[in-house]
$ cat target.cif   # mmCIF, C-alpha atoms
data_protein
#
loop_
_atom_site.label_atom_id
_atom_site.label_comp_id
_atom_site.auth_asym_id
_atom_site.auth_seq_id
_atom_site.Cartn_x
_atom_site.Cartn_y
_atom_site.Cartn_z
CA MET K 1 -10.50 -93.90 -3.49
CA GLY K 2 -9.33 -91.49 -6.19
CA THR K 3 -8.43 -92.34 -9.72
CA ASP K 4 -4.88 -92.13 -11.02
CA PRO K 5 -5.24 -88.66 -12.61
CA GLU K 6 -6.78 -87.35 -9.36
CA ARG K 7 -3.95 -88.81 -7.30
CA SER K 8 -1.36 -87.46 -9.69
CA ALA K 9 -2.96 -83.98 -9.54
CA ARG K 10 -2.86 -84.12 -5.71
CA THR K 11 0.81 -85.10 -5.62
CA GLY K 12 1.48 -82.40 -8.22
CA ILE K 13 -0.05 -79.75 -5.93
CA GLU K 14 1.92 -81.05 -2.95
CA ARG K 15 5.13 -80.96 -4.97
CA GLU K 16 4.49 -77.42 -6.19
CA LEU K 17 3.66 -76.24 -2.67
CA LYS K 18 6.84 -77.79 -1.31
CA ARG K 19 8.95 -76.42 -4.12
CA GLY K 20 7.52 -72.95 -3.66
CA SER K 21 8.14 -72.92 0.07
CA LEU K 22 11.44 -74.78 0.31
CA GLU K 23 13.63 -71.69 0.41
CA LEU K 24 11.48 -70.27 3.23
CA ILE K 25 11.69 -73.59 5.09
CA VAL K 26 15.49 -73.77 4.84
CA LEU K 27 15.99 -70.13 5.81
CA HIS K 28 13.66 -70.64 8.77
CA LEU K 29 15.49 -73.74 9.96
CA LEU K 30 18.83 -71.92 9.74
CA ALA K 31 17.57 -68.86 11.60
CA PRO K 32 18.42 -69.94 15.18
CA ARG K 33 21.89 -71.29 14.43
CA GLU K 34 24.10 -72.77 11.75
CA ALA K 35 23.54 -76.35 10.62
CA TYR K 36 24.88 -78.88 8.13
CA GLY K 37 22.90 -80.56 5.35
CA TYR K 38 21.92 -83.76 7.09
CA GLU K 39 20.97 -81.81 10.22
CA ILE K 40 18.61 -79.61 8.19
CA VAL K 41 16.87 -82.63 6.63
CA SER K 42 16.57 -84.33 10.02
CA LYS K 43 15.15 -81.18 11.67
CA LEU K 44 12.63 -80.74 8.91
CA THR K 45 11.47 -84.36 9.09
CA ALA K 46 11.28 -84.32 12.90
CA ARG K 47 9.43 -81.00 13.25
CA THR K 48 6.81 -81.84 10.63
CA ASN K 49 6.48 -85.54 11.46
CA GLY K 50 7.67 -86.29 7.96
CA ALA K 51 4.82 -84.36 6.32
CA LEU K 52 7.25 -81.92 4.73
CA GLY K 53 10.05 -84.41 4.22
CA VAL K 54 12.23 -83.64 1.23
CA THR K 55 14.88 -85.73 -0.44
CA ASP K 56 18.53 -84.73 -0.37
CA GLY K 57 18.36 -84.33 -4.13
CA THR K 58 15.82 -81.53 -3.64
CA LEU K 59 17.40 -79.88 -0.61
CA TYR K 60 21.07 -79.63 -1.62
CA PRO K 61 20.50 -77.67 -4.83
CA VAL K 62 18.37 -75.25 -2.78
CA LEU K 63 21.22 -74.78 -0.31
CA TYR K 64 23.55 -74.23 -3.25
CA ARG K 65 21.19 -71.62 -4.74
CA LEU K 66 20.91 -69.81 -1.40
CA GLU K 67 24.69 -69.85 -1.07
CA ARG K 68 25.19 -68.41 -4.57
CA ALA K 69 22.55 -65.76 -3.89
CA GLY K 70 24.45 -64.69 -0.76
CA LEU K 71 21.54 -65.59 1.54
CA VAL K 72 23.56 -68.19 3.43
CA ALA K 73 27.27 -68.29 4.19
CA VAL K 74 29.21 -71.51 4.56
CA ARG K 75 32.16 -72.74 6.52
CA TRP K 76 33.94 -76.06 6.30
CA GLU K 77 34.82 -77.92 9.47
CA THR K 78 37.29 -80.74 9.34
CA PRO K 79 37.02 -82.96 12.42
CA GLU K 80 40.01 -84.98 13.66
CA ARG K 81 38.15 -88.11 12.64
CA GLY K 82 35.67 -88.24 9.79
CA VAL K 83 34.91 -86.16 6.75
CA PRO K 84 34.90 -82.37 6.28
CA ARG K 85 31.45 -81.02 7.02
CA LYS K 86 29.86 -77.97 5.43
CA TYR K 87 27.96 -75.69 7.81
CA TYR K 88 25.40 -73.18 6.59
CA ARG K 89 24.34 -69.99 8.41
CA LEU K 90 22.13 -67.07 7.51
CA THR K 91 23.70 -63.84 6.28
CA PRO K 92 22.06 -60.46 7.03
CA ALA K 93 20.61 -60.60 3.50
CA GLY K 94 19.28 -64.07 4.31
CA ARG K 95 17.53 -62.74 7.43
CA GLU K 96 15.92 -59.98 5.41
CA GLU K 97 14.79 -62.51 2.82
CA LEU K 98 13.42 -64.75 5.58
CA ALA K 99 11.40 -61.85 7.00
CA ARG K 100 10.06 -60.98 3.54
CA LEU K 101 9.14 -64.57 2.66
CA THR K 102 7.54 -65.16 6.07
CA HIS K 103 5.39 -62.05 5.62
CA GLU K 104 4.39 -63.18 2.11
CA TRP K 105 3.58 -66.68 3.33
CA ASN K 106 1.45 -65.42 6.24
CA THR K 107 -0.47 -63.07 3.97
CA PHE K 108 -1.09 -65.87 1.48
CA ALA K 109 -2.05 -68.39 4.16
CA ARG K 110 -4.49 -65.95 5.80
CA ALA K 111 -6.08 -65.15 2.45
CA MET K 112 -6.47 -68.84 1.63
CA SER K 113 -7.93 -69.59 5.08
CA ASN K 114 -10.44 -66.78 4.71
CA LEU K 115 -11.38 -67.97 1.27
CA LEU K 116 -11.81 -71.59 2.25
CA ALA K 117 -13.74 -70.69 5.38
CA SER K 118 -16.22 -68.43 3.64
CA GLU K 119 -19.67 -70.01 3.55
CA GLU K 120 -20.92 -68.15 0.49
CA ASP K 121 -18.73 -70.09 -1.91
CA ALA K 122 -19.28 -73.47 -0.27
CA MET C 123 27.64 -97.98 -6.81
CA THR C 124 30.14 -96.06 -4.70
CA GLY C 125 29.80 -92.45 -3.59
CA ASP C 126 32.60 -91.37 -5.91
CA LEU C 127 30.94 -93.07 -8.88
CA TYR C 128 27.66 -91.32 -8.15
CA VAL C 129 29.38 -87.93 -7.81
CA GLN C 130 31.16 -88.58 -11.10
CA SER C 131 27.89 -89.46 -12.83
CA VAL C 132 26.44 -86.12 -11.68
CA ILE C 133 29.55 -84.18 -12.68
CA ASP C 134 29.51 -85.86 -16.09
CA GLN C 135 26.24 -84.04 -16.73
CA VAL C 136 27.84 -80.66 -16.04
CA PRO C 137 29.52 -79.40 -19.21
CA PRO C 138 33.33 -79.26 -19.04
CA GLY C 139 34.62 -75.71 -18.68
CA LEU C 140 31.97 -74.58 -16.21
CA PRO C 141 33.84 -73.54 -13.06
CA VAL C 142 31.03 -74.82 -10.81
CA ARG C 143 31.93 -78.46 -11.50
CA ASP C 144 34.49 -78.68 -8.71
CA GLN C 145 32.25 -76.92 -6.21
CA ILE C 146 29.29 -79.19 -6.93
CA ALA C 147 31.52 -82.27 -6.64
CA MET C 148 32.93 -81.10 -3.31
CA ASP C 149 29.44 -80.33 -1.99
CA LEU C 150 28.09 -83.72 -2.99
CA ARG C 151 31.04 -85.64 -1.52
CA SER C 152 30.52 -83.84 1.76
CA HIS C 153 26.76 -84.50 1.79
CA ILE C 154 27.25 -88.17 0.95
CA ALA C 155 29.88 -88.52 3.65
CA GLU C 156 27.51 -86.94 6.20
CA ARG C 157 24.86 -89.53 5.42
CA LEU C 158 27.34 -92.40 5.54
CA ASP C 159 28.58 -91.01 8.83
CA HIS C 160 25.02 -91.41 10.14
CA ASN C 161 25.11 -95.12 9.31
CA GLN C 162 23.15 -94.98 6.08
CA SER C 163 24.05 -97.31 3.24
CA ILE C 164 25.32 -95.92 -0.03
CA ASP C 165 22.22 -97.30 -1.77
CA GLU C 166 19.96 -95.29 0.55
CA VAL C 167 22.08 -92.19 0.00
CA VAL C 168 21.96 -92.56 -3.79
CA GLN C 169 18.20 -93.11 -3.65
CA GLN C 170 17.81 -89.90 -1.62
CA LEU C 171 19.86 -87.94 -4.13
CA GLY C 172 17.96 -89.31 -7.13
CA ASP C 173 18.68 -89.28 -10.84
CA PRO C 174 22.13 -87.77 -11.57
CA LEU C 175 20.87 -85.73 -14.55
CA ARG C 176 17.98 -84.26 -12.51
CA LEU C 177 20.34 -83.42 -9.65
CA ALA C 178 22.86 -81.79 -12.00
CA GLU C 179 20.05 -79.74 -13.57
CA SER C 180 18.83 -78.64 -10.14
CA TYR C 181 22.31 -77.43 -9.24
CA LEU C 182 22.77 -75.76 -12.61
CA ALA C 183 19.49 -73.87 -12.19
CA ALA C 184 21.41 -71.65 -9.77
CA VAL C 185 24.11 -70.87 -12.33
CA PRO C 186 23.30 -68.00 -14.69
CA LEU C 187 24.01 -68.95 -18.32
CA ARG C 188 25.34 -66.26 -20.66
CA SER C 189 24.22 -66.63 -24.26
CA ALA C 190 27.10 -66.76 -26.73
CA PRO C 191 27.45 -63.63 -28.89
CA PHE C 192 26.62 -64.25 -32.54
CA SER C 193 30.09 -63.09 -33.64
CA ASN C 194 31.76 -65.70 -31.42
CA ARG C 195 29.55 -68.45 -32.79
CA LEU C 196 30.30 -67.39 -36.34
CA ALA C 197 34.04 -67.28 -35.62
CA ALA C 198 33.88 -70.74 -34.02
CA LYS C 199 32.13 -72.15 -37.09
CA VAL C 200 34.67 -70.49 -39.40
CA ILE C 201 37.54 -72.06 -37.42
CA ASP C 202 35.94 -75.54 -37.49
CA VAL C 203 35.10 -75.38 -41.18
CA ALA C 204 38.58 -74.04 -42.02
CA ILE C 205 40.22 -76.94 -40.19
CA PHE C 206 38.15 -79.51 -42.08
CA ILE C 207 38.52 -77.79 -45.45
CA ALA C 208 42.29 -77.70 -44.94
CA GLY C 209 42.32 -81.42 -44.01
CA ALA C 210 40.07 -82.43 -46.91
CA LEU C 211 42.07 -80.35 -49.40
CA ALA C 212 45.34 -81.85 -48.18
CA MET C 213 43.91 -85.36 -48.60
CA ALA C 214 42.44 -84.48 -52.03
CA CYS C 215 45.79 -83.10 -53.20
CA ALA C 216 47.64 -86.16 -51.92
CA LEU C 217 45.22 -88.52 -53.69
CA TRP C 218 45.38 -86.42 -56.86
CA LEU C 219 49.15 -86.79 -56.91
CA LEU C 220 49.31 -90.43 -55.85
CA LEU C 221 46.46 -92.07 -57.80
CA PRO C 222 46.64 -92.97 -61.49
CA ASP C 223 44.92 -90.74 -64.03
CA PRO C 224 41.43 -92.30 -64.49
CA VAL C 225 40.64 -92.58 -60.77
CA LYS C 226 42.38 -89.52 -59.34
CA ILE C 227 39.29 -87.33 -59.82
CA PHE C 228 37.16 -89.85 -57.86
CA GLY C 229 39.78 -89.99 -55.09
CA ALA C 230 39.83 -86.22 -54.80
CA MET C 231 36.01 -86.02 -54.77
CA ALA C 232 35.78 -88.80 -52.20
CA SER C 233 38.16 -86.99 -49.87
CA LEU C 234 36.04 -83.81 -50.09
CA PHE C 235 32.86 -85.77 -49.25
CA ALA C 236 34.72 -87.53 -46.45
CA GLY C 237 35.69 -84.08 -45.16
CA ILE C 238 32.06 -82.91 -45.10
CA PHE C 239 30.76 -86.05 -43.35
CA GLY C 240 33.78 -86.09 -41.05
CA PHE C 241 32.98 -82.51 -40.08
CA VAL C 242 29.39 -83.35 -39.15
CA ILE C 243 30.30 -86.55 -37.29
CA TYR C 244 33.09 -84.78 -35.43
CA THR C 245 30.74 -81.93 -34.44
CA VAL C 246 28.07 -84.36 -33.22
CA VAL C 247 30.51 -86.39 -31.12
CA ALA C 248 32.56 -83.46 -29.80
CA GLU C 249 29.52 -81.44 -28.72
CA SER C 250 27.88 -84.38 -26.95
CA ARG C 251 31.08 -85.57 -25.23
CA GLU C 252 32.97 -82.35 -24.55
CA GLY C 253 30.27 -79.72 -25.07
CA ALA C 254 32.35 -78.02 -27.75
CA THR C 255 34.27 -78.39 -30.99
CA VAL C 256 37.79 -77.00 -31.36
CA GLY C 257 36.41 -73.73 -32.71
CA LYS C 258 33.90 -73.35 -29.88
CA ARG C 259 36.55 -74.22 -27.33
CA LEU C 260 38.86 -71.53 -28.73
CA MET C 261 36.03 -69.02 -28.63
CA GLY C 262 35.08 -69.95 -25.06
CA LEU C 263 31.71 -71.46 -25.99
CA ARG C 264 29.86 -74.55 -24.78
CA VAL C 265 26.75 -76.31 -26.05
CA VAL C 266 24.36 -77.23 -23.25
CA ARG C 267 20.74 -78.20 -22.62
CA GLU C 268 18.46 -75.30 -21.75
CA SER C 269 18.87 -76.44 -18.14
CA GLY C 270 22.66 -76.05 -18.42
CA ALA C 271 23.40 -79.80 -18.38
CA ARG C 272 25.42 -81.66 -21.00
CA ILE C 273 23.58 -82.51 -24.22
CA SER C 274 22.89 -86.08 -25.33
CA LEU C 275 24.17 -87.71 -28.52
CA GLY C 276 20.65 -87.59 -30.00
CA GLN C 277 20.28 -83.87 -29.32
CA SER C 278 23.71 -83.29 -30.77
CA PHE C 279 22.77 -85.17 -33.94
CA VAL C 280 19.48 -83.32 -34.47
CA ARG C 281 21.26 -79.98 -33.92
CA GLN C 282 23.36 -80.71 -37.01
CA LEU C 283 20.50 -81.69 -39.35
CA PRO C 284 20.21 -78.22 -40.94
CA PHE C 285 23.75 -78.72 -42.22
CA PHE C 286 22.40 -81.35 -44.63
CA GLY C 287 19.50 -79.23 -45.85
CA GLN C 288 19.23 -76.03 -47.79
CA PHE C 289 18.01 -74.16 -44.72
CA PHE C 290 21.22 -73.81 -42.71
CA TRP C 291 21.27 -70.01 -42.98
CA ILE C 292 17.58 -69.72 -42.10
CA ASP C 293 18.19 -71.93 -39.08
CA ALA C 294 21.24 -69.89 -38.05
CA GLY C 295 19.36 -66.62 -38.63
CA PHE C 296 17.01 -67.46 -35.73
CA ALA C 297 19.97 -66.84 -33.40
CA LEU C 298 19.78 -63.14 -34.23
CA PHE C 299 16.21 -62.77 -32.98
CA THR C 300 15.52 -65.34 -30.25
CA ASP C 301 15.77 -64.59 -26.52
CA HIS C 302 18.73 -66.86 -25.82
CA ARG C 303 20.21 -66.45 -29.30
CA GLN C 304 19.15 -69.98 -30.20
CA ARG C 305 19.07 -71.38 -33.71
CA ALA C 306 15.76 -72.91 -34.83
CA PHE C 307 17.12 -76.42 -34.28
CA GLU C 308 18.46 -75.42 -30.89
CA LEU C 309 14.93 -74.39 -29.93
CA LEU C 310 13.71 -77.75 -31.26
CA THR C 311 16.28 -79.76 -29.30
CA LYS C 312 16.03 -77.55 -26.17
CA THR C 313 19.74 -76.79 -26.32
CA ARG C 314 21.68 -73.54 -26.44
CA THR C 315 25.20 -72.23 -26.87
CA ILE C 316 26.66 -70.33 -23.94
CA ALA C 317 29.80 -68.30 -23.33
CA VAL C 318 32.02 -69.59 -20.55
CA LEU C 319 34.99 -67.26 -21.06
CA LEU C 320 34.56 -63.54 -20.45
CA CYS C 321 37.45 -62.57 -22.75
CA ALA C 322 35.99 -64.45 -25.72
CA GLY C 323 34.03 -61.37 -26.80
CA ILE C 324 37.34 -59.65 -27.53
CA VAL C 325 39.02 -62.72 -29.04
CA ALA C 326 36.26 -63.34 -31.60
CA PRO C 327 36.38 -60.03 -33.46
CA ALA C 328 40.20 -60.04 -33.26
CA LEU C 329 40.39 -63.48 -34.87
CA MET C 330 37.90 -62.53 -37.56
CA ILE C 331 39.82 -59.36 -38.42
CA THR C 332 43.08 -61.36 -38.54
CA ALA C 333 41.49 -63.97 -40.81
CA TRP C 334 40.03 -61.25 -43.04
CA THR C 335 43.31 -59.37 -43.48
CA THR C 336 45.55 -62.40 -44.15
#
$ encode --input "target.cif" --output "structure tokens"
Amino acid sequence: MGTDPERSARTGIERELKRGSLELIVLHLLAPREAYGYEIVSKLTARTNGALGVTDGTLYPVLYRLERAGLVAVRWETPERGVPRKYYRLTPAGREELARLTHEWNTFARAMSNLLASEEDA
Amino acid sequence: MTGDLYVQSVIDQVPPGLPVRDQIAMDLRSHIAERLDHNQSIDEVVQQLGDPLRLAESYLAAVPLRSAPFSNRLAAKVIDVAIFIAGALAMACALWLLLPDPVKIFGAMASLFAGIFGFVIYTVVAESREGATVGKRLMGLRVVRESGARISLGQSFVRQLPFFGQFFWIDAGFALFTDHRQRAFELLTKTRTIAVLLCAGIVAPALMITAWTT
């Protein structure tokens, strides 16, 4: 069992990894079709079995940033019953950014896998 | 806590005058309503959203902050000081005329000191509550944390400490050389002064020229 500083360092790494990849995650989840905030959180939790679960307080500012950067477009839908719902969809610039981030992520992940698998350093 | 109260507590951290306030409020109301619509309790929703200050700062990270031009800051300070000097002088004159001879000098002096302390206290309270004094408001400026959120009373107080020392001009001089045009005590308190009105760059020199020529 790890000590407190060790545990805190581990959670720190997890947090940094999540923070660094959250924009890619959101763009990826919006790629097939538009979705609203709660739907995005639910999809993310379901597809990763909760391993990449994020709080609303982390996700919504990211959506807001993507919207301001022109990477996602929004539309409001007001149902007959219930509250207006904000739907997010990728813009062409968002698709380009998704492709770029995916490429970067794959390159990074491959490099890390190669590094961690190499026997010389072990 | 209700959803509206939570939204308000987040919006309270966004300095008045920033046009994004309404958009953030609308976004949050919609997100909270979505969660409630999916049978979550308001306590769960609030827990998911987290600390209002942190959330406001996360939103504000997406908003580019424009550092206030030095001329606008100077003009704002001139306006504020002029208002308080005028008030203190008026009170000093009134006391000079109303009080009997031996004490009138003390009355006049007291009103000048009251003016100086009143100026500092007003600045501290106005900048922490509204993000701006009258002068800053007229010049389209707001005082914010480096994250863009509203400053606290403590930060506002420490920002004004150079006013009591002999180093006010040295402190202010930092604004000419630092990246975000921050005074030394703004760097210390992690606060900065931003421009929220695009036309203020024209208004500042115009006001200064008017003041100079009259």
$ resolve_selection --input "target.cif" --expression "the PyMOL selection byres ((chain C) within 7 of (chain K))" --output "VMD selection string"
chain C and resid 152 to 153 155 to 157 170 to 172 177 180 to 181 184
$ write_last_selection --input "target.cif" --atoms "C-alpha atoms" --output "compact mmCIF listing (two decimals), keeping the file's coordinate frame"
# COMPACT_ATOMS: atom_id res chain seq x y z
CA SER C 152 30.52 -83.84 1.76
CA HIS C 153 26.76 -84.50 1.79
CA ALA C 155 29.88 -88.52 3.65
CA GLU C 156 27.51 -86.94 6.20
CA ARG C 157 24.86 -89.53 5.42
CA GLN C 170 17.81 -89.90 -1.62
CA LEU C 171 19.86 -87.94 -4.13
CA GLY C 172 17.96 -89.31 -7.13
CA LEU C 177 20.34 -83.42 -9.65
CA SER C 180 18.83 -78.64 -10.14
CA TYR C 181 22.31 -77.43 -9.24
CA ALA C 184 21.41 -71.65 -9.77
$ resolve_selection --input "target.cif" --expression "the PyMOL selection byres ((chain K and resi 18-32) around 8)" --output "compact mmCIF listing (two decimals) with C-alpha atoms, keeping the file's coordinate frame"
# COMPACT_ATOMS: atom_id res chain seq x y z
CA GLU K 14 1.92 -81.05 -2.95
CA ARG K 15 5.13 -80.96 -4.97
CA GLU K 16 4.49 -77.42 -6.19
CA LEU K 17 3.66 -76.24 -2.67
CA ARG K 33 21.89 -71.29 14.43
CA GLU K 34 24.10 -72.77 11.75
CA ALA K 35 23.54 -76.35 10.62
CA ILE K 40 18.61 -79.61 8.19
CA LYS K 43 15.15 -81.18 11.67
CA LEU K 44 12.63 -80.74 8.91
CA LEU K 52 7.25 -81.92 4.73
CA LEU K 59 17.40 -79.88 -0.61
CA VAL K 62 18.37 -75.25 -2.78
CA LEU K 63 21.22 -74.78 -0.31
CA LEU K 66 20.91 -69.81 -1.40
CA TYR K 88 25.40 -73.18 6.59
CA ARG K 89 24.34 -69.99 8.41
CA LEU K 90 22.13 -67.07 7.51
CA GLY K 94 19.28 -64.07 4.31
CA ARG K 95 17.53 -62.74 7.43
CA LEU K 98 13.42 -64.75 5.58
CA LEU K 101 9.14 -64.57 2.66
CA THR K 102 7.54 -65.16 6.07
$ resolve_selection --input "target.cif" --expression "the PyMOL selection byres ((chain C and resi 270-287) around 7)" --output "list in words"
Gln135, Val136, Pro137, Ala178, Glu179, Leu182, Val242, Val246, Val247, Glu249, Ser250, Gly253, Val266, Arg267, Glu268, Ser269, Gln288, Phe289, Phe290, Asp293, Phe307, Glu308 and Thr311 of chain C
$ residues_around --input "target.cif" --residues "Thr315 (chain C)" --least-positions-apart "2" --cutoff "6 Å" --atoms "all atoms listed in the file" --output "VMD selection string"
chain C and resid 190 264 to 265
$ atom_distance --input "target.cif" --atom1 "CA of Pro186 (chain C)" --atom2 "CA of Ile154 (chain C)"
25.8 Å
$ atom_distance --input "target.cif" --atom1 "CA of Val41 (chain K)" --atom2 "CA of Val72 (chain K)"
16.2 Å
$ atom_distance --input "target.cif" --atom1 "CA of Ala109 (chain K)" --atom2 "CA of Ser42 (chain K)"
25.2 Å
$ decode --input "target.cif" --residues "region 157-170 of chain C" --atoms "N, CA, C and O atoms" --output "mmCIF file, in the first residue's frame"
data_model
loop_
_atom_site.group_PDB
_atom_site.id
_atom_site.type_symbol
_atom_site.label_atom_id
_atom_site.label_comp_id
_atom_site.auth_asym_id
_atom_site.auth_seq_id
_atom_site.Cartn_x
_atom_site.Cartn_y
_atom_site.Cartn_z
ATOM 1 N N ARG C 157 -29.614 17.457 -15.755
ATOM 2 C CA ARG C 157 -29.355 16.485 -14.676
ATOM 3 C C ARG C 157 -30.620 16.230 -13.861
ATOM 4 O O ARG C 157 -30.927 15.081 -13.536
ATOM 5 N N LEU C 158 -31.315 17.315 -13.525
ATOM 6 C CA LEU C 158 -32.543 17.161 -12.735
ATOM 7 C C LEU C 158 -33.576 16.369 -13.516
ATOM 8 O O LEU C 158 -34.337 15.579 -12.964
ATOM 9 N N ASP C 159 -33.562 16.598 -14.832
ATOM 10 C CA ASP C 159 -34.474 15.882 -15.723
ATOM 11 C C ASP C 159 -34.201 14.377 -15.697
ATOM 12 O O ASP C 159 -35.078 13.569 -16.001
ATOM 13 N N HIS C 160 -32.934 14.020 -15.399
ATOM 14 C CA HIS C 160 -32.566 12.602 -15.323
ATOM 15 C C HIS C 160 -32.614 12.110 -13.876
ATOM 16 O O HIS C 160 -31.816 11.247 -13.470
ATOM 17 N N ASN C 161 -33.515 12.715 -13.130
ATOM 18 C CA ASN C 161 -33.836 12.267 -11.758
ATOM 19 C C ASN C 161 -32.677 12.346 -10.766
ATOM 20 O O ASN C 161 -32.587 11.528 -9.850
ATOM 21 N N GLN C 162 -31.776 13.287 -10.969
ATOM 22 C CA GLN C 162 -30.724 13.478 -9.973
ATOM 23 C C GLN C 162 -31.170 14.570 -9.007
ATOM 24 O O GLN C 162 -31.904 15.474 -9.391
ATOM 25 N N SER C 163 -30.680 14.476 -7.777
ATOM 26 C CA SER C 163 -31.050 15.504 -6.800
ATOM 27 C C SER C 163 -30.156 16.723 -7.000
ATOM 28 O O SER C 163 -29.060 16.619 -7.561
ATOM 29 N N ILE C 164 -30.626 17.840 -6.528
ATOM 30 C CA ILE C 164 -29.845 19.077 -6.695
ATOM 31 C C ILE C 164 -28.515 18.983 -5.955
ATOM 32 O O ILE C 164 -27.502 19.523 -6.420
ATOM 33 N N ASP C 165 -28.506 18.241 -4.837
ATOM 34 C CA ASP C 165 -27.242 18.076 -4.093
ATOM 35 C C ASP C 165 -26.208 17.318 -4.929
ATOM 36 O O ASP C 165 -25.026 17.672 -4.944
ATOM 37 N N GLU C 166 -26.677 16.271 -5.627
ATOM 38 C CA GLU C 166 -25.763 15.499 -6.490
ATOM 39 C C GLU C 166 -25.236 16.383 -7.623
ATOM 40 O O GLU C 166 -24.063 16.328 -7.978
ATOM 41 N N VAL C 167 -26.156 17.182 -8.176
ATOM 42 C CA VAL C 167 -25.774 18.051 -9.297
ATOM 43 C C VAL C 167 -24.713 19.053 -8.845
ATOM 44 O O VAL C 167 -23.692 19.247 -9.515
ATOM 45 N N VAL C 168 -24.955 19.668 -7.695
ATOM 46 C CA VAL C 168 -24.020 20.674 -7.174
ATOM 47 C C VAL C 168 -22.671 20.034 -6.869
ATOM 48 O O VAL C 168 -21.613 20.609 -7.137
ATOM 49 N N GLN C 169 -22.700 18.809 -6.345
ATOM 50 C CA GLN C 169 -21.457 18.099 -6.050
ATOM 51 C C GLN C 169 -20.663 17.828 -7.335
ATOM 52 O O GLN C 169 -19.448 17.957 -7.369
ATOM 53 N N GLN C 170 -21.395 17.464 -8.401
ATOM 54 C CA GLN C 170 -20.755 17.222 -9.696
ATOM 55 C C GLN C 170 -20.105 18.485 -10.252
ATOM 56 O O GLN C 170 -19.051 18.434 -10.878
#
